[in-house]
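Enquirer: Sharing data_34.csv (CSV, C-alpha atoms and all ligand atoms) below.
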chain,number,residue,atom,x,y,z
I,178,MET,CA,26.0,-6.7,14.2
I,179,ASN,CA,25.6,-10.2,15.6
I,180,ALA,CA,27.7,-13.2,14.7
I,181,LEU,CA,24.8,-15.2,13.3
I,182,ILE,CA,24.2,-12.8,10.4
I,183,ASP,CA,27.2,-13.9,8.3
I,184,GLY,CA,25.8,-17.5,8.3
I,185,ILE,CA,22.3,-16.6,7.1
I,186,GLN,CA,23.7,-14.1,4.6
I,187,GLN,CA,25.8,-16.8,3.0
I,188,GLU,CA,22.9,-19.3,3.0
I,189,TYR,CA,20.7,-16.6,1.3
I,190,GLY,CA,23.5,-16.0,-1.2
I,191,LYS,CA,23.6,-19.7,-2.1
I,192,HIS,CA,19.9,-20.4,-2.3
I,193,ILE,CA,17.8,-17.3,-2.8
I,194,PHE,CA,17.5,-15.0,-5.8
I,195,GLY,CA,19.3,-11.7,-5.3
I,196,THR,CA,16.3,-9.5,-5.9
I,197,TYR,CA,16.6,-7.6,-2.7
I,198,ALA,CA,19.3,-5.5,-1.1
I,199,ARG,CA,18.6,-6.7,2.4
I,200,PHE,CA,19.6,-5.1,5.7
I,201,PRO,CA,21.9,-7.4,7.9
I,202,VAL,CA,19.2,-8.4,10.3
I,203,ALA,CA,17.2,-11.6,10.7
I,204,PHE,CA,14.0,-11.3,12.6
I,205,VAL,CA,12.6,-14.2,14.6
I,206,ARG,CA,9.7,-12.8,16.6
I,207,GLY,CA,7.3,-9.9,16.7
I,208,ALA,CA,4.6,-8.5,19.0
I,209,GLY,CA,2.7,-5.2,18.6
I,210,CYS,CA,5.1,-2.5,17.4
I,211,MET,CA,8.2,-4.5,18.3
I,212,LEU,CA,10.4,-7.0,16.5
I,213,TRP,CA,13.3,-9.1,17.8
I,214,ASP,CA,16.2,-10.4,15.8
I,215,ASP,CA,18.1,-13.7,16.3
I,216,SER,CA,20.5,-12.1,18.8
I,217,GLY,CA,17.6,-11.0,21.0
I,218,LYS,CA,18.0,-7.3,20.0
I,219,GLU,CA,14.7,-5.4,20.1
I,220,TYR,CA,13.5,-3.0,17.4
I,221,LEU,CA,10.7,-0.5,17.2
I,222,ASP,CA,8.9,-1.1,13.9
I,223,PHE,CA,7.8,2.0,12.0
I,224,LEU,CA,7.6,0.2,8.7
I,225,ALA,CA,5.2,-2.6,9.6
I,226,GLY,CA,6.2,-4.8,6.7
I,227,ILE,CA,5.7,-1.8,4.4
I,228,ALA,CA,2.2,-0.8,5.6
I,229,VAL,CA,1.1,-4.4,6.0
I,230,CYS,CA,0.8,-5.1,9.7
I,231,GLY,CA,-1.8,-2.5,10.5
I,232,LEU,CA,-2.6,-4.2,13.8
I,233,GLY,CA,1.0,-4.8,14.6
I,234,HIS,CA,2.8,-8.1,14.8
I,235,CYS,CA,0.9,-11.2,15.8
I,236,HIS,CA,-2.2,-9.4,16.9
I,237,PRO,CA,-4.0,-11.8,19.3
I,238,GLU,CA,-7.4,-11.6,17.5
I,239,VAL,CA,-5.8,-12.2,14.1
I,240,ALA,CA,-3.7,-15.0,15.4
I,241,LEU,CA,-6.8,-16.6,17.0
I,242,ALA,CA,-8.7,-16.2,13.7
I,243,ILE,CA,-5.9,-17.8,11.8
I,244,SER,CA,-5.4,-20.7,14.2
I,245,GLU,CA,-9.2,-21.4,14.4
I,246,ALA,CA,-9.5,-21.3,10.6
I,247,ALA,CA,-6.4,-23.5,10.2
I,248,ARG,CA,-8.1,-26.2,12.2
I,249,LYS,CA,-11.4,-25.9,10.4
I,250,LEU,CA,-10.8,-25.4,6.7
I,251,ILE,CA,-7.7,-24.0,5.0
I,252,HIS,CA,-8.5,-24.3,1.3
I,253,VAL,CA,-11.2,-25.4,-1.2
I,254,SER,CA,-11.5,-24.4,-4.8
I,255,ASN,CA,-13.4,-21.2,-5.8
I,256,LEU,CA,-15.6,-23.7,-7.6
I,257,PHE,CA,-17.4,-23.8,-4.2
I,258,TYR,CA,-18.8,-21.4,-1.7
I,259,THR,CA,-17.1,-20.6,1.7
I,260,TYR,CA,-18.5,-18.5,4.5
I,261,PRO,CA,-15.5,-16.3,5.5
I,262,GLN,CA,-15.1,-15.1,1.9
I,263,VAL,CA,-18.7,-13.9,1.6
I,264,GLU,CA,-18.7,-12.4,5.1
I,265,LEU,CA,-15.5,-10.4,4.2
I,266,ALA,CA,-17.0,-9.3,0.8
I,267,ALA,CA,-20.2,-8.2,2.5
I,268,LEU,CA,-18.2,-6.2,5.1
I,269,LEU,CA,-15.9,-4.6,2.5
I,270,THR,CA,-18.9,-3.5,0.3
I,271,ARG,CA,-20.8,-2.2,3.3
I,272,LEU,CA,-17.8,-0.1,4.3
I,273,SER,CA,-17.0,1.2,0.8
I,274,PHE,CA,-18.4,2.6,-2.4
I,275,ALA,CA,-18.2,-0.9,-4.0
I,276,ASP,CA,-20.9,-3.4,-4.9
I,277,LYS,CA,-18.7,-6.4,-5.7
I,278,VAL,CA,-15.3,-7.8,-4.7
I,279,PHE,CA,-12.9,-10.1,-6.5
I,280,PHE,CA,-10.3,-11.7,-4.2
I,281,CYS,CA,-6.6,-12.5,-5.1
I,282,ASN,CA,-3.3,-12.7,-3.3
I,283,SER,CA,-1.3,-9.6,-3.7
I,284,GLY,CA,-1.4,-5.9,-4.8
I,285,ALA,CA,-0.1,-6.6,-8.2
I,286,GLU,CA,-2.8,-9.3,-8.8
I,287,ALA,CA,-5.4,-6.8,-7.6
I,288,ASN,CA,-4.2,-4.3,-10.1
I,289,GLU,CA,-4.0,-6.9,-12.9
I,290,ALA,CA,-7.6,-7.7,-12.2
I,291,ALA,CA,-8.5,-4.0,-12.3
I,292,ILE,CA,-6.7,-3.6,-15.6
I,293,LYS,CA,-8.4,-6.6,-17.1
I,294,LEU,CA,-11.8,-5.4,-15.9
I,295,ALA,CA,-11.3,-1.9,-17.3
I,296,ARG,CA,-10.4,-3.4,-20.7
I,297,LYS,CA,-13.3,-5.9,-20.7
I,298,TYR,CA,-15.8,-3.3,-19.6
I,299,SER,CA,-14.7,-0.9,-22.3
I,300,ARG,CA,-14.8,-3.6,-25.0
I,301,ASP,CA,-18.3,-4.7,-24.0
I,302,ALA,CA,-19.6,-1.1,-23.8
I,303,PHE,CA,-17.8,0.6,-26.6
I,304,GLY,CA,-16.2,-2.1,-28.8
I,305,PRO,CA,-12.6,-3.1,-29.4
I,306,GLY,CA,-9.6,-0.7,-29.7
I,307,ARG,CA,-10.3,1.2,-26.5
I,308,HIS,CA,-7.8,-0.3,-24.1
I,309,HIS,CA,-5.3,2.4,-23.1
I,310,ILE,CA,-5.0,3.3,-19.5
I,311,ILE,CA,-3.6,6.6,-18.2
I,312,SER,CA,-1.4,6.3,-15.1
I,313,MET,CA,0.7,8.8,-13.1
I,314,LYS,CA,4.4,9.5,-13.2
I,315,GLU,CA,6.1,8.2,-10.0
I,316,SER,CA,3.3,5.8,-9.5
I,317,PHE,CA,3.8,2.2,-8.3
I,318,HIS,CA,1.3,-0.6,-9.2
I,319,GLY,CA,3.3,-3.8,-9.0
I,320,ARG,CA,5.9,-6.0,-10.6
I,321,THR,CA,3.9,-8.3,-13.0
I,322,MET,CA,4.2,-7.4,-16.7
I,323,ALA,CA,0.9,-5.4,-16.8
I,324,THR,CA,1.4,-3.7,-13.5
I,325,LEU,CA,5.0,-2.8,-14.1
I,326,SER,CA,3.9,-1.4,-17.4
I,327,ALA,CA,1.2,0.6,-15.5
I,328,THR,CA,3.9,1.9,-13.1
I,329,GLY,CA,5.2,5.3,-14.2
I,330,GLN,CA,8.8,4.8,-13.3
I,331,SER,CA,11.4,3.9,-15.9
I,332,LYS,CA,13.7,2.2,-13.4
I,333,ILE,CA,10.9,-0.4,-12.8
I,334,HIS,CA,10.6,-1.0,-16.6
I,335,GLN,CA,14.3,-1.4,-17.4
I,336,GLY,CA,15.3,-4.7,-18.8
I,337,PHE,CA,11.7,-6.0,-19.2
I,338,GLU,CA,10.7,-4.3,-22.4
I,339,PRO,CA,8.6,-4.7,-24.5
I,340,LEU,CA,6.1,-3.5,-21.9
I,341,VAL,CA,2.4,-4.3,-22.1
I,342,GLU,CA,1.1,-1.9,-24.7
I,343,GLY,CA,-1.2,1.0,-23.9
I,344,PHE,CA,-0.1,2.7,-20.7
I,345,VAL,CA,0.4,6.5,-20.8
I,346,TYR,CA,2.0,8.4,-18.0
I,347,VAL,CA,1.1,11.9,-16.9
I,348,ASP,CA,1.9,14.2,-14.0
I,349,PHE,CA,0.2,13.4,-10.7
I,350,ASN,CA,-2.1,16.2,-9.4
I,351,SER,CA,-3.0,17.5,-12.8
I,352,VAL,CA,-6.4,16.9,-14.4
I,353,SER,CA,-5.4,18.9,-17.4
I,354,ALA,CA,-2.5,16.5,-18.0
I,355,VAL,CA,-5.0,13.6,-18.1
I,356,GLU,CA,-7.2,15.6,-20.4
I,357,ALA,CA,-4.3,16.2,-22.8
I,358,ALA,CA,-3.4,12.5,-22.8
I,359,VAL,CA,-6.9,11.1,-23.5
I,360,THR,CA,-7.5,9.7,-26.9
I,361,ASP,CA,-10.3,7.6,-28.4
I,362,LYS,CA,-8.3,4.5,-27.3
I,363,THR,CA,-8.4,5.4,-23.6
I,364,CYS,CA,-10.6,3.3,-21.3
I,365,ALA,CA,-9.5,4.2,-17.8
I,366,VAL,CA,-7.3,6.2,-15.4
I,367,ILE,CA,-5.4,4.6,-12.5
I,368,VAL,CA,-4.1,6.6,-9.6
I,369,GLU,CA,-3.0,6.1,-6.1
I,370,PRO,CA,-4.9,8.6,-3.9
I,371,VAL,CA,-1.6,9.0,-2.0
I,372,GLN,CA,1.5,8.0,-3.9
I,373,GLY,CA,3.5,5.7,-1.6
I,374,GLU,CA,6.6,4.4,-3.4
I,375,GLY,CA,6.8,7.7,-5.3
I,376,GLY,CA,7.7,9.6,-2.2
I,377,LEU,CA,4.5,10.1,-0.2
I,378,ASN,CA,2.8,12.5,-2.6
I,379,PHE,CA,-0.7,13.7,-1.4
I,380,PRO,CA,-3.5,14.8,-3.7
I,381,ALA,CA,-4.0,18.5,-4.1
I,382,PRO,CA,-7.4,19.8,-2.8
I,383,GLY,CA,-10.1,18.8,-5.3
I,384,TYR,CA,-7.8,16.9,-7.6
I,385,LEU,CA,-9.4,13.5,-7.2
I,386,ARG,CA,-12.9,14.9,-7.3
I,387,ASP,CA,-12.2,16.8,-10.5
I,388,LEU,CA,-10.5,13.8,-12.0
I,389,LYS,CA,-13.7,11.7,-11.3
I,390,ALA,CA,-15.9,14.4,-12.9
I,391,PHE,CA,-13.6,14.4,-15.9
I,392,CYS,CA,-13.6,10.6,-16.2
I,393,LYS,CA,-17.4,10.4,-15.9
I,394,ASP,CA,-17.8,13.0,-18.6
I,395,ARG,CA,-15.5,11.0,-21.0
I,396,ASN,CA,-16.8,7.5,-20.0
I,397,LEU,CA,-13.5,6.5,-18.5
I,398,LEU,CA,-13.3,4.2,-15.5
I,399,LEU,CA,-11.5,5.7,-12.5
I,400,ILE,CA,-9.3,3.2,-10.6
I,401,PHE,CA,-8.0,4.0,-7.2
I,402,ASP,CA,-5.0,1.9,-6.1
I,403,GLU,CA,-5.4,2.0,-2.3
I,404,ILE,CA,-3.1,-0.9,-1.8
I,405,GLN,CA,-0.9,1.2,0.5
I,406,SER,CA,-3.2,4.2,1.4
I,407,GLY,CA,-6.3,2.1,2.2
I,408,LEU,CA,-7.4,0.2,5.3
I,409,GLY,CA,-7.0,2.9,7.9
I,410,ARG,CA,-3.5,4.0,6.9
I,411,THR,CA,-4.4,7.7,6.4
I,412,GLY,CA,-6.9,7.8,9.3
I,413,SER,CA,-10.0,7.0,7.4
I,414,LEU,CA,-10.8,3.4,6.3
I,415,PHE,CA,-10.0,4.5,2.7
I,416,ALA,CA,-8.0,7.6,1.6
I,417,TYR,CA,-10.7,8.6,-0.9
I,418,GLU,CA,-13.2,9.3,1.9
I,419,GLN,CA,-11.2,12.4,2.8
I,420,GLU,CA,-11.5,13.6,-0.8
I,421,ASP,CA,-15.3,13.6,-1.2
I,422,VAL,CA,-15.0,11.2,-4.2
I,423,THR,CA,-15.5,7.6,-5.0
I,424,PRO,CA,-13.8,5.5,-7.8
I,425,ASP,CA,-15.4,3.0,-10.1
I,426,ILE,CA,-12.8,0.4,-9.2
I,427,MET,CA,-10.4,0.1,-6.2
I,428,THR,CA,-7.6,-2.2,-5.4
I,429,LEU,CA,-6.5,-3.3,-1.9
I,430,ALA,CA,-3.9,-5.6,-0.5
I,431,LYS,CA,-1.0,-4.9,1.9
I,432,ALA,CA,-2.9,-4.5,5.2
I,433,LEU,CA,-6.0,-6.5,4.3
I,434,ALA,CA,-5.1,-9.7,6.2
I,435,ASN,CA,-2.5,-8.1,8.5
I,436,GLY,CA,0.3,-10.0,7.0
I,437,LEU,CA,-1.2,-13.0,5.3
I,438,PRO,CA,-1.1,-12.6,1.5
I,439,MET,CA,-4.4,-11.2,0.2
I,440,GLY,CA,-5.5,-8.8,-2.4
I,441,ALA,CA,-8.9,-7.5,-3.5
I,442,MET,CA,-10.4,-5.7,-6.5
I,443,LEU,CA,-13.6,-3.9,-5.7
I,444,ALA,CA,-16.0,-2.3,-8.2
I,445,VAL,CA,-19.4,-0.8,-8.7
I,446,ASP,CA,-21.9,-3.1,-10.3
I,447,GLU,CA,-21.9,-1.3,-13.6
I,448,ALA,CA,-18.2,-2.2,-14.1
I,449,ALA,CA,-18.2,-5.5,-12.3
I,450,ARG,CA,-20.8,-7.0,-14.7
I,451,ALA,CA,-18.1,-7.1,-17.4
I,452,PHE,CA,-16.5,-10.1,-15.6
I,453,THR,CA,-18.5,-13.3,-16.2
I,454,PRO,CA,-17.7,-17.0,-15.4
I,455,GLY,CA,-14.3,-17.6,-17.0
I,456,SER,CA,-13.2,-13.9,-17.3
I,457,HIS,CA,-10.8,-14.1,-14.4
I,458,ALA,CA,-9.8,-16.5,-11.6
I,459,SER,CA,-7.4,-17.2,-8.8
I,460,THR,CA,-6.8,-20.6,-7.2
I,461,PHE,CA,-6.1,-19.2,-3.7
I,462,GLY,CA,-8.0,-16.0,-3.9
I,463,GLY,CA,-10.3,-15.4,-0.9
I,464,GLY,CA,-9.6,-18.8,0.7
I,465,PRO,CA,-11.1,-19.4,4.2
I,466,LEU,CA,-7.8,-19.0,6.1
I,467,VAL,CA,-6.8,-15.6,4.7
I,468,ALA,CA,-10.4,-14.4,4.6
I,469,SER,CA,-10.8,-15.2,8.3
I,470,ALA,CA,-7.6,-13.2,9.1
I,471,ALA,CA,-8.9,-10.3,7.0
I,472,LEU,CA,-12.3,-10.4,8.7
I,473,ALA,CA,-10.7,-10.2,12.1
I,474,THR,CA,-8.4,-7.3,10.9
I,475,LEU,CA,-11.1,-5.3,9.1
I,476,ARG,CA,-13.5,-5.5,12.1
I,477,ILE,CA,-11.0,-3.8,14.3
I,478,ILE,CA,-9.6,-1.3,11.8
I,479,SER,CA,-13.0,-0.1,10.6
I,480,GLU,CA,-14.1,0.9,14.1
I,481,PRO,CA,-14.5,4.7,14.3
I,482,ALA,CA,-12.7,4.9,17.6
I,483,PHE,CA,-9.7,3.0,16.1
I,484,LEU,CA,-9.6,5.3,13.1
I,485,GLY,CA,-9.9,8.4,15.4
I,486,LYS,CA,-6.8,7.2,17.3
I,487,VAL,CA,-4.9,6.8,14.1
I,488,ARG,CA,-5.7,10.4,13.2
I,489,GLU,CA,-4.7,11.6,16.6
I,490,THR,CA,-1.4,9.7,16.8
I,491,GLY,CA,-0.7,10.8,13.2
I,492,ALA,CA,-1.2,14.5,14.0
I,493,TYR,CA,1.0,14.1,17.1
I,494,PHE,CA,3.7,12.4,15.1
I,495,ILE,CA,3.6,15.1,12.4
I,496,SER,CA,3.8,17.9,15.0
I,497,ARG,CA,6.9,16.2,16.5
I,498,LEU,CA,8.5,15.8,13.1
I,499,LYS,CA,7.8,19.5,12.4
I,500,GLU,CA,9.8,20.3,15.6
I,501,LEU,CA,12.7,18.4,14.1
I,502,LYS,CA,12.4,20.3,10.9
I,503,GLU,CA,12.9,23.6,12.7
I,504,ARG,CA,16.2,22.3,14.0
I,505,TYR,CA,17.8,20.5,11.1
I,506,SER,CA,18.3,22.3,7.8
I,507,PHE,CA,18.5,19.1,5.8
I,508,ILE,CA,14.8,18.4,6.5
I,509,LYS,CA,12.9,19.9,3.6
I,510,ASP,CA,9.3,18.9,4.2
I,511,VAL,CA,7.1,17.0,6.6
I,512,ARG,CA,3.9,15.6,5.1
I,513,GLY,CA,1.4,13.0,6.2
I,514,ARG,CA,-2.1,11.9,6.8
I,515,GLY,CA,-2.9,9.6,9.6
I,516,LEU,CA,0.0,7.2,9.9
I,517,MET,CA,1.2,7.6,6.3
I,518,VAL,CA,4.0,10.0,6.9
I,519,GLY,CA,7.0,11.3,5.0
I,520,LEU,CA,10.0,13.4,5.9
I,521,GLU,CA,11.6,14.8,2.8
I,522,LEU,CA,15.3,15.5,3.0
I,523,THR,CA,17.7,17.6,0.9
I,524,VAL,CA,20.1,14.6,0.9
I,525,PRO,CA,19.6,10.8,0.3
I,526,GLY,CA,17.8,9.1,3.1
I,527,ALA,CA,19.4,5.6,3.0
I,528,LYS,CA,22.1,6.4,5.5
I,529,PHE,CA,19.5,7.5,8.1
I,530,VAL,CA,17.6,4.3,7.6
I,531,SER,CA,20.7,2.3,8.5
I,532,MET,CA,21.6,4.5,11.4
I,533,CYS,CA,18.1,4.1,12.8
I,534,LEU,CA,18.3,0.4,12.4
I,535,GLN,CA,21.5,0.2,14.4
I,536,ARG,CA,19.8,2.2,17.2
I,537,GLY,CA,16.8,-0.2,17.1
I,538,ALA,CA,14.2,1.6,14.9
I,539,ILE,CA,12.9,0.4,11.6
I,540,ILE,CA,12.0,3.0,9.0
I,541,ASN,CA,12.6,3.1,5.3
I,542,CYS,CA,13.2,5.4,2.4
I,543,ALA,CA,11.0,6.0,-0.6
I,544,HIS,CA,12.1,7.7,-3.7
I,545,ASP,CA,15.7,8.3,-2.5
I,546,THR,CA,15.2,11.4,-0.3
I,547,VAL,CA,11.9,10.7,1.6
I,548,LEU,CA,12.0,8.9,4.9
I,549,ARG,CA,8.8,6.9,5.0
I,550,PHE,CA,7.0,6.1,8.3
I,551,VAL,CA,4.1,3.6,8.0
I,552,PRO,CA,4.1,2.1,11.6
I,553,PRO,CA,1.5,-0.3,12.9
I,554,LEU,CA,-1.8,1.7,13.2
I,555,ILE,CA,-1.9,0.7,16.9
I,556,ALA,CA,1.2,2.8,17.6
I,557,GLY,CA,0.5,5.6,20.2
I,558,ARG,CA,2.3,8.6,21.6
I,559,ALA,CA,4.8,6.5,23.5
I,560,GLU,CA,6.0,4.8,20.3
I,561,VAL,CA,6.1,8.1,18.5
I,562,ASP,CA,8.2,9.7,21.3
I,563,GLU,CA,10.6,6.7,21.2
I,564,LEU,CA,11.1,7.0,17.4
I,565,ILE,CA,11.5,10.8,17.6
I,566,GLY,CA,14.2,10.3,20.2
I,567,ILE,CA,16.1,7.9,17.9
I,568,LEU,CA,15.7,10.1,14.9
I,569,GLU,CA,16.9,13.1,16.9
I,570,GLY,CA,20.1,11.2,17.9
I,571,VAL,CA,20.7,10.2,14.3
I,572,PHE,CA,20.1,13.8,12.9
I,573,LYS,CA,22.3,15.2,15.6
I,574,GLU,CA,25.1,12.9,14.5
I,575,GLU,CA,24.6,14.0,10.9
I,576,ALA,CA,24.5,17.7,11.8
I,577,VAL,CA,27.9,17.8,13.5
O,1,LIG,C1,2.8,-2.5,-2.6
O,1,LIG,C2,2.0,-1.9,-3.7
O,1,LIG,C3,1.6,-2.6,-4.8
O,1,LIG,C4,2.1,-4.0,-5.1
O,1,LIG,O1,1.6,-4.9,-4.2
O,1,LIG,P1,2.3,-6.4,-4.1
O,1,LIG,O2,1.5,-7.1,-3.1
O,1,LIG,O3,3.8,-6.2,-3.8
O,1,LIG,O4,2.1,-7.0,-5.5
O,1,LIG,C5,0.8,-1.9,-5.8
O,1,LIG,N1,0.4,-0.7,-5.6
O,1,LIG,C6,0.8,0.0,-4.5
O,1,LIG,C7,0.3,1.4,-4.3
O,1,LIG,C8,1.6,-0.5,-3.5
O,1,LIG,O5,2.0,0.2,-2.5
Show me this structure written as structure tokens.
Expert:
Amino acid sequence: MNALIDGIQQEYGKHIFGTYARFPVAFVRGAGCMLWDDSGKEYLDFLAGIAVCGLGHCHPEVALAISEAARKLIHVSNLFYTYPQVELAALLTRLSFADKVFFCNSGAEANEAAIKLARKYSRDAFGPGRHHIISMKESFHGRTMATLSATGQSKIHQGFEPLVEGFVYVDFNSVSAVEAAVTDKTCAVIVEPVQGEGGLNFPAPGYLRDLKAFCKDRNLLLIFDEIQSGLGRTGSLFAYEQEDVTPDIMTLAKALANGLPMGAMLAVDEAARAFTPGSHASTFGGGPLVASAALATLRIISEPAFLGKVRETGAYFISRLKELKERYSFIKDVRGRGLMVGLELTVPGAKFVSMCLQRGAIINCAHDTVLRFVPPLIAGRAEVDELIGILEGVFKEEAV
């Protein structure tokens, strides 16, 4: 630990809300898959700001797009048109199932927009009273009142009751659980194609496709929260592509502008029509600065060769983790797609996260016992090998 950390920790304690249990590291610089702290110590980043910096830190093309936009036009109201916004929307719709995009500034805001759209669509189409939304246990959809209510984890609800009314939680990977929960008040189902915060839970074969067929049959909108799983993370631009299914609504954020705050809610025309002038708004949403950063990001991430490399590196990473699983009995499961990878342990993972940090590798822990790896998508075999070496050292220490 370096001497500077005490100082910044005290200043934080004095001036900043205590909403995070932070690690004792202050970062000052990043490039690619590497970060540096204020003492000059180097770290290999396998967290990427929690699946945000898909192109790594300070990617030159993103940095250039930001600096050029910053000199040209940073903000005007959404009462006017701007070019980067529409170019980005055109690219997102061309690359996805969607017809229309609404821009906002975070994942929670994107899900708020999706929840509002589902309610409004249902009211317009079927009349009032149909406003319930089914979501999954162990899901995560955000921290605003509606999105924490949509989140199927009681620890996120605690202290903030009463929740926004009308969210019903069912088991992930079970269409029959959804079927049992539907009433004449239900308007939509929201699901992460891959649960991130819930411990990297992947969809069972056919689950999402069957869920879509069920929703279609019952006139329910299907919302995919791809805030973490989207934008190349699982080796396809969107996770749903690997499931032979499309949603009616999808939310994006995290990796969209490679670190600048941006969210998006995408929908098919049929649903999107429910939003009319005045239905929803965002002062900053889709502004020219963030939209320029997102354009530069998406152009790179959506290239087939780029996505192919994510799949290849991911497969290599998973094979190396499976080697570790053979050697350490406290490794229970290795699961992943692309570079969204989890290592489930039989013991809490927090200790390993701290041990890795000390050895210069950043990972984190989801759902208590699952080590989560969501590195920059530009990581290759060399970065994987380095991380595996560090993990190996940590596991060895634990095993003795
Ligand atoms: C991170 C995340 C959110 C919330 O995004 P914020 O930008 O923190 O509001 C919502 N859903 C999923 C699946 C996420 O991973």
Enquirer: Residues within 9 Å of ligand LIG 1 (chain O), counting all atoms listed in the file: report them as number ranges by chain.
Expert: I: 227-229, 282-288, 316-321, 324, 328, 368-374, 402-406, 428-431, 438-440
Enquirer: So how many Å separate atom CA of I:Gly207 and atom CA of I:Glu238, to one decimal?
Expert: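 Rounded to one decimal, the two atoms are 14.8 Å apart.
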Enquirer: Restricting the calculation to all atoms listed in the file, which member of I:Leu397, I:Ala471, I:Leu466, I:Cys542 is positioned closest to I:Lys249?
Expert: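 Among the listed residues, the smallest separation from I:Lys249 belongs to I:Leu466.
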Enquirer: Please write as a list in words the list of polymer residues whose atoms come within 8 Å of (6.3, 2.8, 13.7), counting only C-alpha atoms and keeping to the coordinates of the file.
Expert: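 Every residue inside that radius is included here: Cys210, Leu221, Asp222, Phe223, Leu224, Ala225, Ile539, Ile540, Phe550, Val551, Pro552, Pro553, Ala556, Glu560, Val561 and Leu564 of chain I.
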Enquirer: Determine, counting all atoms listed in the file, which protein, DNA and RNA residues have an atom within 10 Å of an atom of I:Val253; residues of the same chain fewer than 4 positions away are not included. Present the result as a ChimeraX atom specification.
Expert: /I:257-259,460-461,464-465
Enquirer: Leaving out I:Lys528 and any residue of its chain fewer than 5 positions from it, which residues lie within 12 Å of it when counting all atoms listed in the file, given as a list of chain:residue names?
Expert: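 Those residues are I:Phe200, I:Leu522, I:Cys533, I:Leu534, I:Gln535, I:Ile540, I:Asn541, I:Cys542, I:Asp545, I:Thr546, I:Val547, I:Leu548, I:Leu568, I:Val571, I:Phe572, I:Glu574, I:Glu575.
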Enquirer: Choose the residue, out of I:Arg549, I:His234, I:Lys191, I:Lys573, that has the smallest atom-to-atom separation from I:Gly209; count all atoms listed in the file.
Expert: I:His234
Enquirer: Find the residues near I:Gly336: any atom within 12 Å, counting only C-alpha atoms, skip ones fewer than 3 places away on the same chain, and give them as a PDB file with C-alpha atoms, in the frame of the given file.
Expert:
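So the final result, stored in part35.pdb, reads:
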ATOM      1  CA  MET I 322       4.200  -7.400 -16.700  1.00  0.00           C
ATOM      2  CA  LEU I 325       5.000  -2.800 -14.100  1.00  0.00           C
ATOM      3  CA  SER I 326       3.900  -1.400 -17.400  1.00  0.00           C
ATOM      4  CA  SER I 331      11.400   3.900 -15.900  1.00  0.00           C
ATOM      5  CA  LYS I 332      13.700   2.200 -13.400  1.00  0.00           C
ATOM      6  CA  ILE I 333      10.900  -0.400 -12.800  1.00  0.00           C
ATOM      7  CA  PRO I 339       8.600  -4.700 -24.500  1.00  0.00           C
ATOM      8  CA  LEU I 340       6.100  -3.500 -21.900  1.00  0.00           C
TER       9      LEU I 340
END
Enquirer: Which of these, I:Cys392, I:Met532, I:Val511, I:Ala576, has the shortest distance to I:Pro424 once you count all atoms listed in the file?
Expert: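 Among the listed residues, the smallest separation from I:Pro424 belongs to I:Cys392.
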Enquirer: Could you list, as an MDAnalysis selection string, every residue within 12 Å of stretch 265-273 of chain I, counting all atoms listed in the file and ignoring same-chain residues fewer than 3 positions away?
Expert: chainID I and resid 259:262 276:280 407:409 413:418 422:429 433:434 439:446 463:481
Enquirer: Counting all atoms listed in the file, find the residues whose atoms lie at most 8 Å from (-6.6, 3.5, -18.2) (file coordinates) and write them out as an MDAnalysis selection string.
Expert: chainID I and resid 292 295 308:312 344 363:367 397:399
Enquirer: Just to confirm, what's the straight-line distance from atom CA of I:Ile555 to atom CA of I:Gly231 in Å (one decimal)?
Expert: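 It comes out at 7.2 Å.
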Enquirer: Figure out the distance between atom CA of I:Arg410 and atom CA of I:Gly537, please, to one decimal in Å.
Expert: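 Atom CA of I:Arg410 lies at a distance of 23.1 Å from atom CA of I:Gly537.
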Enquirer: What's around I:Leu181 at 10 Å? Count only C-alpha atoms, leave out sequence neighbours fewer than 6 positions away in its own chain, and write the answer as a short mmCIF file (atom, residue, chain, number, x, y, z; two decimals) with C-alpha atoms, in the frame of the given file.
Expert:
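Listed below is the output, result27.cif:
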data_model
loop_
_atom_site.label_atom_id
_atom_site.label_comp_id
_atom_site.auth_asym_id
_atom_site.auth_seq_id
_atom_site.Cartn_x
_atom_site.Cartn_y
_atom_site.Cartn_z
CA PRO I 201 21.90 -7.40 7.90
CA VAL I 202 19.20 -8.40 10.30
CA ALA I 203 17.20 -11.60 10.70
CA ASP I 215 18.10 -13.70 16.30
CA SER I 216 20.50 -12.10 18.80
#
Enquirer: Considering all atoms listed in the file, state which residue in the set I:Ala302, I:Ala323, I:Ala275, I:Leu256 is at the smallest distance from I:Gly455.
Expert: I:Leu256
